[in-house]
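Dumped data.txt below, it's compact mmCIF, C-alpha atoms:
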# COMPACT_ATOMS: atom_id res chain seq x y z
CA MET A 1 4.20 79.23 58.66
CA SER A 2 3.15 79.48 55.01
CA ALA A 3 1.78 76.33 53.35
CA THR A 4 0.30 75.61 49.93
CA LEU A 5 -0.97 72.12 49.12
CA TYR A 6 -1.22 71.05 45.50
CA TYR A 7 -3.81 68.29 45.44
CA SER A 8 -6.70 66.61 43.73
CA PRO A 9 -9.62 65.21 45.74
CA SER A 10 -9.49 61.55 46.77
CA THR A 11 -5.79 61.10 45.95
CA ALA A 12 -2.69 60.47 48.06
CA ALA A 13 -2.86 64.16 48.96
CA LEU A 14 -5.78 63.40 51.28
CA VAL A 15 -3.56 62.39 54.21
CA VAL A 16 -1.51 65.59 53.91
CA HIS A 17 -4.68 67.69 53.72
CA TRP A 18 -6.02 65.86 56.78
CA LEU A 19 -2.81 66.45 58.77
CA LEU A 20 -2.79 70.15 57.91
CA ILE A 21 -6.31 70.43 59.32
CA GLU A 22 -5.59 68.14 62.29
CA LEU A 23 -2.50 70.19 63.22
CA ASP A 24 -4.29 73.50 62.58
CA VAL A 25 -1.67 74.61 60.06
CA PRO A 26 -2.88 77.62 58.03
CA HIS A 27 -2.73 76.61 54.39
CA THR A 28 -3.89 77.36 50.89
CA LEU A 29 -5.29 74.67 48.62
CA HIS A 30 -4.34 74.58 44.95
CA ALA A 31 -6.51 72.02 43.16
CA LEU A 32 -5.17 70.34 40.03
CA ASP A 33 -7.64 69.17 37.38
CA PHE A 34 -6.51 65.66 36.46
CA GLU A 35 -8.93 65.46 33.53
CA ARG A 36 -7.11 68.43 32.02
CA ARG A 37 -3.82 66.83 33.09
CA GLU A 38 -2.78 69.91 35.02
CA GLN A 39 -0.48 67.69 37.07
CA LYS A 40 1.60 67.23 33.90
CA SER A 41 1.75 70.91 33.01
CA PRO A 42 5.20 72.49 32.62
CA GLU A 43 4.48 74.81 35.53
CA TYR A 44 3.62 71.98 37.92
CA LEU A 45 6.45 69.75 36.71
CA GLN A 46 8.86 72.46 37.80
CA LEU A 47 7.55 71.91 41.34
CA ASN A 48 7.16 68.14 41.18
CA PRO A 49 8.97 66.48 38.24
CA ALA A 50 7.05 63.24 38.85
CA GLY A 51 3.80 65.00 37.92
CA VAL A 52 1.85 63.56 40.85
CA VAL A 53 0.24 64.84 44.03
CA PRO A 54 0.71 65.79 46.77
CA THR A 55 3.17 68.63 46.67
CA LEU A 56 3.39 70.84 49.74
CA VAL A 57 5.23 74.15 49.55
CA LEU A 58 6.09 74.90 53.16
CA ASP A 59 7.77 78.21 53.90
CA GLY A 60 9.20 78.16 50.39
CA GLN A 61 10.48 74.57 50.56
CA VAL A 62 8.96 72.13 48.05
CA LEU A 63 8.04 68.81 49.66
CA THR A 64 6.84 65.72 47.79
CA GLU A 65 5.97 62.10 48.67
CA ALA A 66 2.97 61.79 50.99
CA ALA A 67 4.71 59.66 53.63
CA ALA A 68 7.69 62.02 53.82
CA ILE A 69 5.44 65.07 54.15
CA VAL A 70 3.42 63.40 56.91
CA LEU A 71 6.59 62.49 58.83
CA HIS A 72 7.84 66.06 58.56
CA LEU A 73 4.56 67.68 59.59
CA ALA A 74 4.35 65.47 62.67
CA ASP A 75 7.90 66.42 63.66
CA LEU A 76 7.19 70.12 63.18
CA HIS A 77 4.29 69.95 65.65
CA PRO A 78 5.50 67.87 68.61
CA GLN A 79 2.77 69.31 70.80
CA ALA A 80 0.26 67.17 68.88
CA GLY A 81 2.01 63.98 69.99
CA LEU A 82 1.74 62.30 66.58
CA ALA A 83 5.40 61.22 66.42
CA PRO A 84 7.34 59.40 69.16
CA PRO A 85 10.66 60.87 70.33
CA PRO A 86 13.59 60.26 67.94
CA GLY A 87 15.69 57.30 68.99
CA SER A 88 12.96 55.70 71.09
CA PRO A 89 11.70 52.14 70.51
CA ALA A 90 8.30 53.59 69.60
CA ARG A 91 9.98 55.76 66.96
CA ALA A 92 11.38 52.62 65.32
CA ASP A 93 7.90 51.08 65.22
CA TYR A 94 6.56 54.36 63.83
CA TYR A 95 9.07 54.27 60.97
CA ARG A 96 8.21 50.64 60.35
CA TRP A 97 4.51 51.29 59.85
CA MET A 98 4.98 54.45 57.80
CA LEU A 99 7.28 52.56 55.44
CA PHE A 100 4.95 49.56 55.43
CA CYS A 101 2.29 51.87 54.01
CA ALA A 102 4.69 53.39 51.47
CA ASN A 103 6.65 50.28 50.46
CA THR A 104 4.16 47.41 50.85
CA LEU A 105 0.66 48.83 50.43
CA GLN A 106 1.19 51.64 47.91
CA PRO A 107 3.02 49.56 45.26
CA ALA A 108 0.39 46.81 45.52
CA TYR A 109 -2.37 49.38 45.08
CA ARG A 110 -0.53 50.79 42.08
CA ALA A 111 -0.55 47.33 40.50
CA TRP A 112 -4.26 46.94 41.27
CA PHE A 113 -5.38 50.29 39.86
CA TYR A 114 -2.94 50.31 36.92
CA PRO A 115 -2.56 46.59 36.19
CA ASP A 116 -1.11 47.10 32.72
CA GLU A 117 2.02 48.71 34.19
CA PRO A 118 3.74 45.69 35.76
CA ALA A 119 3.58 43.32 32.78
CA GLY A 120 1.64 44.87 29.90
CA ALA A 121 -1.99 44.83 28.79
CA ASP A 122 -1.99 41.08 28.08
CA ASN A 123 -1.36 40.29 31.75
CA VAL A 124 -3.82 42.63 33.42
CA GLU A 125 -5.82 39.93 35.19
CA ALA A 126 -2.73 38.20 36.53
CA SER A 127 -1.36 41.51 37.76
CA LYS A 128 -4.61 42.33 39.54
CA ALA A 129 -4.79 38.88 41.11
CA GLN A 130 -1.26 39.21 42.45
CA ALA A 131 -1.91 42.71 43.72
CA ARG A 132 -5.06 41.61 45.49
CA GLN A 133 -3.21 38.73 47.13
CA LYS A 134 -0.47 41.05 48.36
CA LEU A 135 -2.95 43.56 49.74
CA GLU A 136 -5.09 41.02 51.53
CA ALA A 137 -2.01 39.40 53.07
CA ALA A 138 -0.86 42.82 54.22
CA TRP A 139 -4.25 43.63 55.72
CA GLU A 140 -4.25 40.31 57.55
CA GLN A 141 -0.87 41.22 59.03
CA VAL A 142 -2.07 44.65 60.16
CA ALA A 143 -5.31 43.23 61.56
CA GLN A 144 -3.42 40.68 63.66
CA HIS A 145 -1.10 43.41 64.92
CA LEU A 146 -3.97 45.71 65.90
CA GLN A 147 -5.85 42.88 67.55
CA ALA A 148 -2.84 42.02 69.69
CA ASN A 149 -1.37 45.50 70.23
CA GLY A 150 -4.05 48.08 69.41
CA PRO A 151 -6.08 50.16 69.36
CA TYR A 152 -3.53 52.09 67.26
CA LEU A 153 -0.46 50.94 65.35
CA LEU A 154 1.75 52.01 68.26
CA GLY A 155 -0.62 50.66 70.88
CA ALA A 156 -2.30 53.29 73.04
CA GLN A 157 -0.51 56.16 71.26
CA LEU A 158 -2.12 57.70 68.20
CA SER A 159 0.52 58.56 65.60
CA ALA A 160 0.73 59.98 62.10
CA ALA A 161 1.14 56.39 60.88
CA ASP A 162 -2.52 55.79 61.77
CA PHE A 163 -3.52 58.64 59.47
CA MET A 164 -1.49 57.14 56.63
CA LEU A 165 -2.97 53.70 57.27
CA THR A 166 -6.52 55.07 57.25
CA MET A 167 -6.02 56.60 53.81
CA MET A 168 -4.67 53.27 52.56
CA MET A 169 -7.68 51.47 53.99
CA ARG A 170 -10.00 53.84 52.17
CA TRP A 171 -8.39 52.94 48.84
CA SER A 172 -9.66 49.37 49.23
CA ARG A 173 -13.31 50.43 49.54
CA ASN A 174 -14.32 49.10 46.09
CA MET A 175 -12.07 46.05 46.05
CA PRO A 176 -13.45 42.49 46.30
CA ARG A 177 -12.44 42.36 49.97
CA PRO A 178 -12.24 45.87 51.46
CA SER A 179 -9.89 46.36 54.39
CA ASP A 180 -12.70 47.07 56.83
CA THR A 181 -14.05 43.54 56.47
CA TRP A 182 -11.39 42.66 59.07
CA PRO A 183 -12.98 43.56 62.46
CA ALA A 184 -9.78 45.05 63.92
CA LEU A 185 -9.29 47.23 60.84
CA GLN A 186 -12.92 48.28 60.85
CA ALA A 187 -12.62 49.39 64.48
CA HIS A 188 -9.48 51.35 63.65
CA ALA A 189 -11.12 53.00 60.64
CA GLN A 190 -14.22 53.97 62.61
CA ARG A 191 -12.05 55.52 65.32
CA MET A 192 -10.08 57.57 62.80
CA LYS A 193 -13.10 58.59 60.70
CA ALA A 194 -14.76 59.95 63.85
CA ARG A 195 -12.05 62.60 64.16
CA ALA A 196 -13.32 66.09 63.40
CA ALA A 197 -10.38 66.81 61.10
CA PHE A 198 -11.18 63.76 58.95
CA GLN A 199 -14.77 64.89 58.53
CA GLU A 200 -13.64 68.42 57.71
CA THR A 201 -11.20 67.09 55.10
CA TYR A 202 -14.03 65.12 53.52
CA ARG A 203 -16.21 68.23 53.49
CA ARG A 204 -13.55 70.36 51.83
CA GLU A 205 -12.74 67.72 49.21
CA GLY A 206 -16.39 67.03 48.50
CA LEU A 207 -16.18 63.33 49.37
CA THR A 208 -19.13 61.23 50.44
CA ASP A 209 -17.94 57.62 50.18
CA TRP A 210 -16.57 55.41 52.96
CA THR A 211 -18.24 57.45 55.71

Could I get this structure in the form of C-alpha cells?
Amino acid sequence: MSATLYYSPSTAALVVHWLLIELDVPHTLHALDFERREQKSPEYLQLNPAGVVPTLVLDGQVLTEAAAIVLHLADLHPQAGLAPPPGSPARADYYRWMLFCANTLQPAYRAWFYPDEPAGADNVEASKAQARQKLEAAWEQVAQHLQANGPYLLGAQLSAADFMLTMMMRWSRNMPRPSDTWPALQAHAQRMKARAAFQETYRREGLTDWT
C-alpha cells in the first residue's frame, strides 16, 4: 500500500496522521506551509480543489475530508477492530458519532475560529457566542453519553470515531470552557492520549500542547 498525506501540523489532518501510525500504514508526509499558502497553490488545488487539508493519496486514489478518510482507513484494516461490521447495530452508532463530529462539531468550530464568515465582521461576537453555545451543548451531550455508555463512544469497543472525537476535543483547548472540563470527556481524552500512536503523532508534528 502506497500512501502520501498532505498535511499541516495541528490541523484536521492530525486524525488521519494518527490513524496511519495506529494502523501501521507505511506513508510519506508532505507538509504544506500555510503561511506561504501552499494549500492554495495550483499544484495542490489539482489534488484538492477546496484547498484544505488533509488529502491522502492512497494507491493513486485521491481522498479528501478527514471523516471520510478515517472511515475508509478503518475499513481497510479490519484486523485493528476500529470499525464494527457493516449492517450491525454498532455500525449504525459508529456512523452516528462520526457524522456528529463532522456535521455538529466541525461547523460550530468553524464559526468559532472564523466568526466573520457566518454573518460578516460586524457580527463576530454574536457568531462566537452562538458557536460556543452549540459546542458546549454538544459536549454536554457527549459527556452524558460516555458517562452512561462508556468508556468509548461505542461502549467497550474502541472505534475510529473515538479518534475523531479526540481531535475535536483538542480543538477546544483554548476556548472559555474546554471539552476536558467535563469529567467523562477528560477521562476519554486521557485514555486516548495515552496511546503510543497519539504520542508518536505529536512527536512527528512537533506538538506540545494538550498533553

A:Ser159 surroundings by only C-alpha atoms, 10 Å radius, close-in-sequence under 4 positions cut, as a tab-separated table (two decimals) with C-alpha atoms, keeping the file's coordinate frame:
chain	number	residue	atom	x	y	z
A	71	LEU	CA	6.59	62.49	58.83
A	74	ALA	CA	4.35	65.47	62.67
A	80	ALA	CA	0.26	67.17	68.88
A	81	GLY	CA	2.01	63.98	69.99
A	82	LEU	CA	1.74	62.30	66.58
A	83	ALA	CA	5.40	61.22	66.42
A	84	PRO	CA	7.34	59.40	69.16
A	91	ARG	CA	9.98	55.76	66.96
A	94	TYR	CA	6.56	54.36	63.83
A	98	MET	CA	4.98	54.45	57.80
A	152	TYR	CA	-3.53	52.09	67.26
A	153	LEU	CA	-0.46	50.94	65.35
A	154	LEU	CA	1.75	52.01	68.26
A	155	GLY	CA	-0.62	50.66	70.88
A	163	PHE	CA	-3.52	58.64	59.47
A	164	MET	CA	-1.49	57.14	56.63

Extract, using all atoms listed in the file, all DNA, RNA and protein residues at most 9 Å from A:Asp180, discarding same-chain residues fewer than 5 positions from it, and format them as an mmCIF file with C-alpha atoms, keeping the file's coordinate frame.
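Result written to part28.cif:
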data_model
loop_
_atom_site.group_PDB
_atom_site.id
_atom_site.type_symbol
_atom_site.label_atom_id
_atom_site.label_comp_id
_atom_site.auth_asym_id
_atom_site.auth_seq_id
_atom_site.Cartn_x
_atom_site.Cartn_y
_atom_site.Cartn_z
ATOM 1 C CA MET A 169 -7.680 51.470 53.990
ATOM 2 C CA ARG A 170 -10.000 53.840 52.170
ATOM 3 C CA SER A 172 -9.660 49.370 49.230
ATOM 4 C CA ARG A 173 -13.310 50.430 49.540
ATOM 5 C CA LEU A 185 -9.290 47.230 60.840
ATOM 6 C CA GLN A 186 -12.920 48.280 60.850
ATOM 7 C CA ALA A 187 -12.620 49.390 64.480
ATOM 8 C CA HIS A 188 -9.480 51.350 63.650
ATOM 9 C CA ALA A 189 -11.120 53.000 60.640
#

*Residue neighbourhood A:Trp112, 7 Å, only C-alpha atoms, exclusion window fewer than 3 positions, as a list in words*: Ala108, Tyr109, Pro115, Lys128, Ala131 and Arg132 of chain A

*Interatomic distance between atom CA of A:Asp209 and atom CA of A:Lys193?*
11.6 Å

*asked:* One number please: atom CA of A:Ser2 to atom CA of A:Gly60, in Å, one decimal.
replied: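 Taking atom CA of A:Ser2 and atom CA of A:Gly60, their separation equals 7.7 Å.
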
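Straight-line separation from atom CA of A:Thr4 to atom CA of A:His30: 6.9 Å.
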
*Using only C-alpha atoms, which of the listed residues (A:Ala184, A:Met1, A:Ala156, A:Pro42) sits closest to A:His27?*
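Of A:Ala184, A:Met1, A:Ala156, A:Pro42, the one nearest A:His27, counting only C-alpha atoms, is A:Met1.
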
*Which is closer to A:Leu14 than all the others in A:Leu146, A:Ala194, A:Ala119, A:Ile69, using only C-alpha atoms?*
A:Ile69

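Distances from A:Ala196, A:Leu32, A:Ala13, A:Cys101 to A:Leu165 were compared using only C-alpha atoms, and the smallest one belongs to A:Cys101.
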
Counting all atoms listed in the file, which residues in stretch 43-130 of chain A sit no more than 12 Å from stretch 134-139 of chain A? For each one, give the nearest pair of atoms and the distance in Å, sorted by chain then residue number, as JSON lines.
{"residue": "A:Trp97", "atom": "CA", "partner": "A:Ala138", "partner_atom": "CA", "distance": 11.5}
{"residue": "A:Phe100", "atom": "CA", "partner": "A:Ala138", "partner_atom": "CA", "distance": 9.0}
{"residue": "A:Cys101", "atom": "CA", "partner": "A:Ala138", "partner_atom": "CA", "distance": 9.6}
{"residue": "A:Asn103", "atom": "CA", "partner": "A:Ala138", "partner_atom": "CA", "distance": 11.2}
{"residue": "A:Thr104", "atom": "CA", "partner": "A:Ala138", "partner_atom": "CA", "distance": 7.6}
{"residue": "A:Leu105", "atom": "CA", "partner": "A:Leu135", "partner_atom": "CA", "distance": 6.4}
{"residue": "A:Gln106", "atom": "CA", "partner": "A:Leu135", "partner_atom": "CA", "distance": 9.3}
{"residue": "A:Pro107", "atom": "CA", "partner": "A:Leu135", "partner_atom": "CA", "distance": 9.6}
{"residue": "A:Ala108", "atom": "CA", "partner": "A:Leu135", "partner_atom": "CA", "distance": 6.3}
{"residue": "A:Tyr109", "atom": "CA", "partner": "A:Leu135", "partner_atom": "CA", "distance": 7.5}
{"residue": "A:Arg110", "atom": "CA", "partner": "A:Leu135", "partner_atom": "CA", "distance": 10.8}
{"residue": "A:Ala111", "atom": "CA", "partner": "A:Lys134", "partner_atom": "CA", "distance": 10.1}
{"residue": "A:Trp112", "atom": "CA", "partner": "A:Leu135", "partner_atom": "CA", "distance": 9.2}
{"residue": "A:Ser127", "atom": "CA", "partner": "A:Lys134", "partner_atom": "CA", "distance": 10.6}
{"residue": "A:Lys128", "atom": "CA", "partner": "A:Lys134", "partner_atom": "CA", "distance": 9.8}
{"residue": "A:Ala129", "atom": "CA", "partner": "A:Lys134", "partner_atom": "CA", "distance": 8.7}
{"residue": "A:Gln130", "atom": "CA", "partner": "A:Lys134", "partner_atom": "CA", "distance": 6.2}

*Near A:Glu65, counting all atoms listed in the file, which residues have an atom at most 9 Å away, once you skip same-chain residues fewer than 2 positions from it, shown as a PyMOL selection string?*
chain A and resi 12+52-55+63+67-70

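With all atoms listed in the file as the basis for measurement, A:Ala161 is the residue among A:Thr64, A:Ala161, A:Ala121, A:Gln190 that approaches A:Ala92 most closely.
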
*Taking only C-alpha atoms into account, which of A:Trp182, A:Asp162, A:Arg37, A:Asp116 comes nearest A:Gln144?*
A:Trp182

_When you count only C-alpha atoms, which of these residues is closest to A:Ser10: A:Leu76, A:Phe34, A:Val57, A:Ala197?_
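Answer, going by the shortest atom-to-atom distance: A:Phe34.
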
Kindly output stretch 39-60 of chain A as an mmCIF file, in the coordinates of the input, after building N, CA and C atoms.
data_model
loop_
_atom_site.group_PDB
_atom_site.id
_atom_site.type_symbol
_atom_site.label_atom_id
_atom_site.label_comp_id
_atom_site.auth_asym_id
_atom_site.auth_seq_id
_atom_site.Cartn_x
_atom_site.Cartn_y
_atom_site.Cartn_z
ATOM 1 N N GLN A 39 -1.622 68.196 36.314
ATOM 2 C CA GLN A 39 -0.480 67.690 37.070
ATOM 3 C C GLN A 39 0.728 67.406 36.165
ATOM 4 N N LYS A 40 0.508 67.429 34.858
ATOM 5 C CA LYS A 40 1.600 67.230 33.900
ATOM 6 C C LYS A 40 1.991 68.523 33.189
ATOM 7 N N SER A 41 1.440 69.634 33.648
ATOM 8 C CA SER A 41 1.750 70.910 33.010
ATOM 9 C C SER A 41 3.192 71.308 33.288
ATOM 10 N N PRO A 42 3.812 72.063 32.390
ATOM 11 C CA PRO A 42 5.200 72.490 32.620
ATOM 12 C C PRO A 42 5.379 73.241 33.940
ATOM 13 N N GLU A 43 4.377 74.046 34.305
ATOM 14 C CA GLU A 43 4.480 74.810 35.530
ATOM 15 C C GLU A 43 4.529 73.895 36.757
ATOM 16 N N TYR A 44 3.641 72.889 36.764
ATOM 17 C CA TYR A 44 3.620 71.980 37.920
ATOM 18 C C TYR A 44 4.845 71.068 37.931
ATOM 19 N N LEU A 45 5.283 70.631 36.770
ATOM 20 C CA LEU A 45 6.450 69.750 36.710
ATOM 21 C C LEU A 45 7.710 70.438 37.223
ATOM 22 N N GLN A 46 7.727 71.764 37.198
ATOM 23 C CA GLN A 46 8.860 72.460 37.800
ATOM 24 C C GLN A 46 8.856 72.285 39.317
ATOM 25 N N LEU A 47 7.659 72.161 39.900
ATOM 26 C CA LEU A 47 7.550 71.910 41.340
ATOM 27 C C LEU A 47 7.779 70.440 41.658
ATOM 28 N N ASN A 48 7.101 69.578 40.923
ATOM 29 C CA ASN A 48 7.160 68.140 41.180
ATOM 30 C C ASN A 48 7.395 67.422 39.851
ATOM 31 N N PRO A 49 8.646 67.081 39.535
ATOM 32 C CA PRO A 49 8.970 66.480 38.240
ATOM 33 C C PRO A 49 8.257 65.156 37.975
ATOM 34 N N ALA A 50 7.764 64.499 39.038
ATOM 35 C CA ALA A 50 7.050 63.240 38.850
ATOM 36 C C ALA A 50 5.633 63.471 38.314
ATOM 37 N N GLY A 51 5.129 64.691 38.426
ATOM 38 C CA GLY A 51 3.800 65.000 37.920
ATOM 39 C C GLY A 51 2.689 64.311 38.688
ATOM 40 N N VAL A 52 2.859 64.202 40.005
ATOM 41 C CA VAL A 52 1.850 63.560 40.850
ATOM 42 C C VAL A 52 1.559 64.481 42.035
ATOM 43 N N VAL A 53 0.536 64.130 42.791
ATOM 44 C CA VAL A 53 0.240 64.840 44.030
ATOM 45 C C VAL A 53 0.434 63.858 45.184
ATOM 46 N N PRO A 54 0.696 64.388 46.377
ATOM 47 C CA PRO A 54 0.710 65.790 46.770
ATOM 48 C C PRO A 54 2.063 66.464 46.563
ATOM 49 N N THR A 55 1.989 67.785 46.499
ATOM 50 C CA THR A 55 3.170 68.630 46.670
ATOM 51 C C THR A 55 2.784 69.683 47.701
ATOM 52 N N LEU A 56 3.621 69.835 48.715
ATOM 53 C CA LEU A 56 3.390 70.840 49.740
ATOM 54 C C LEU A 56 4.544 71.834 49.693
ATOM 55 N N VAL A 57 4.219 73.092 49.483
ATOM 56 C CA VAL A 57 5.230 74.150 49.550
ATOM 57 C C VAL A 57 5.114 74.778 50.932
ATOM 58 N N LEU A 58 6.119 74.512 51.754
ATOM 59 C CA LEU A 58 6.090 74.900 53.160
ATOM 60 C C LEU A 58 7.202 75.907 53.430
ATOM 61 N N ASP A 59 6.806 77.129 53.689
ATOM 62 C CA ASP A 59 7.770 78.210 53.900
ATOM 63 C C ASP A 59 8.810 78.254 52.790
ATOM 64 N N GLY A 60 8.327 78.069 51.559
ATOM 65 C CA GLY A 60 9.200 78.160 50.390
ATOM 66 C C GLY A 60 9.885 76.865 50.005
#
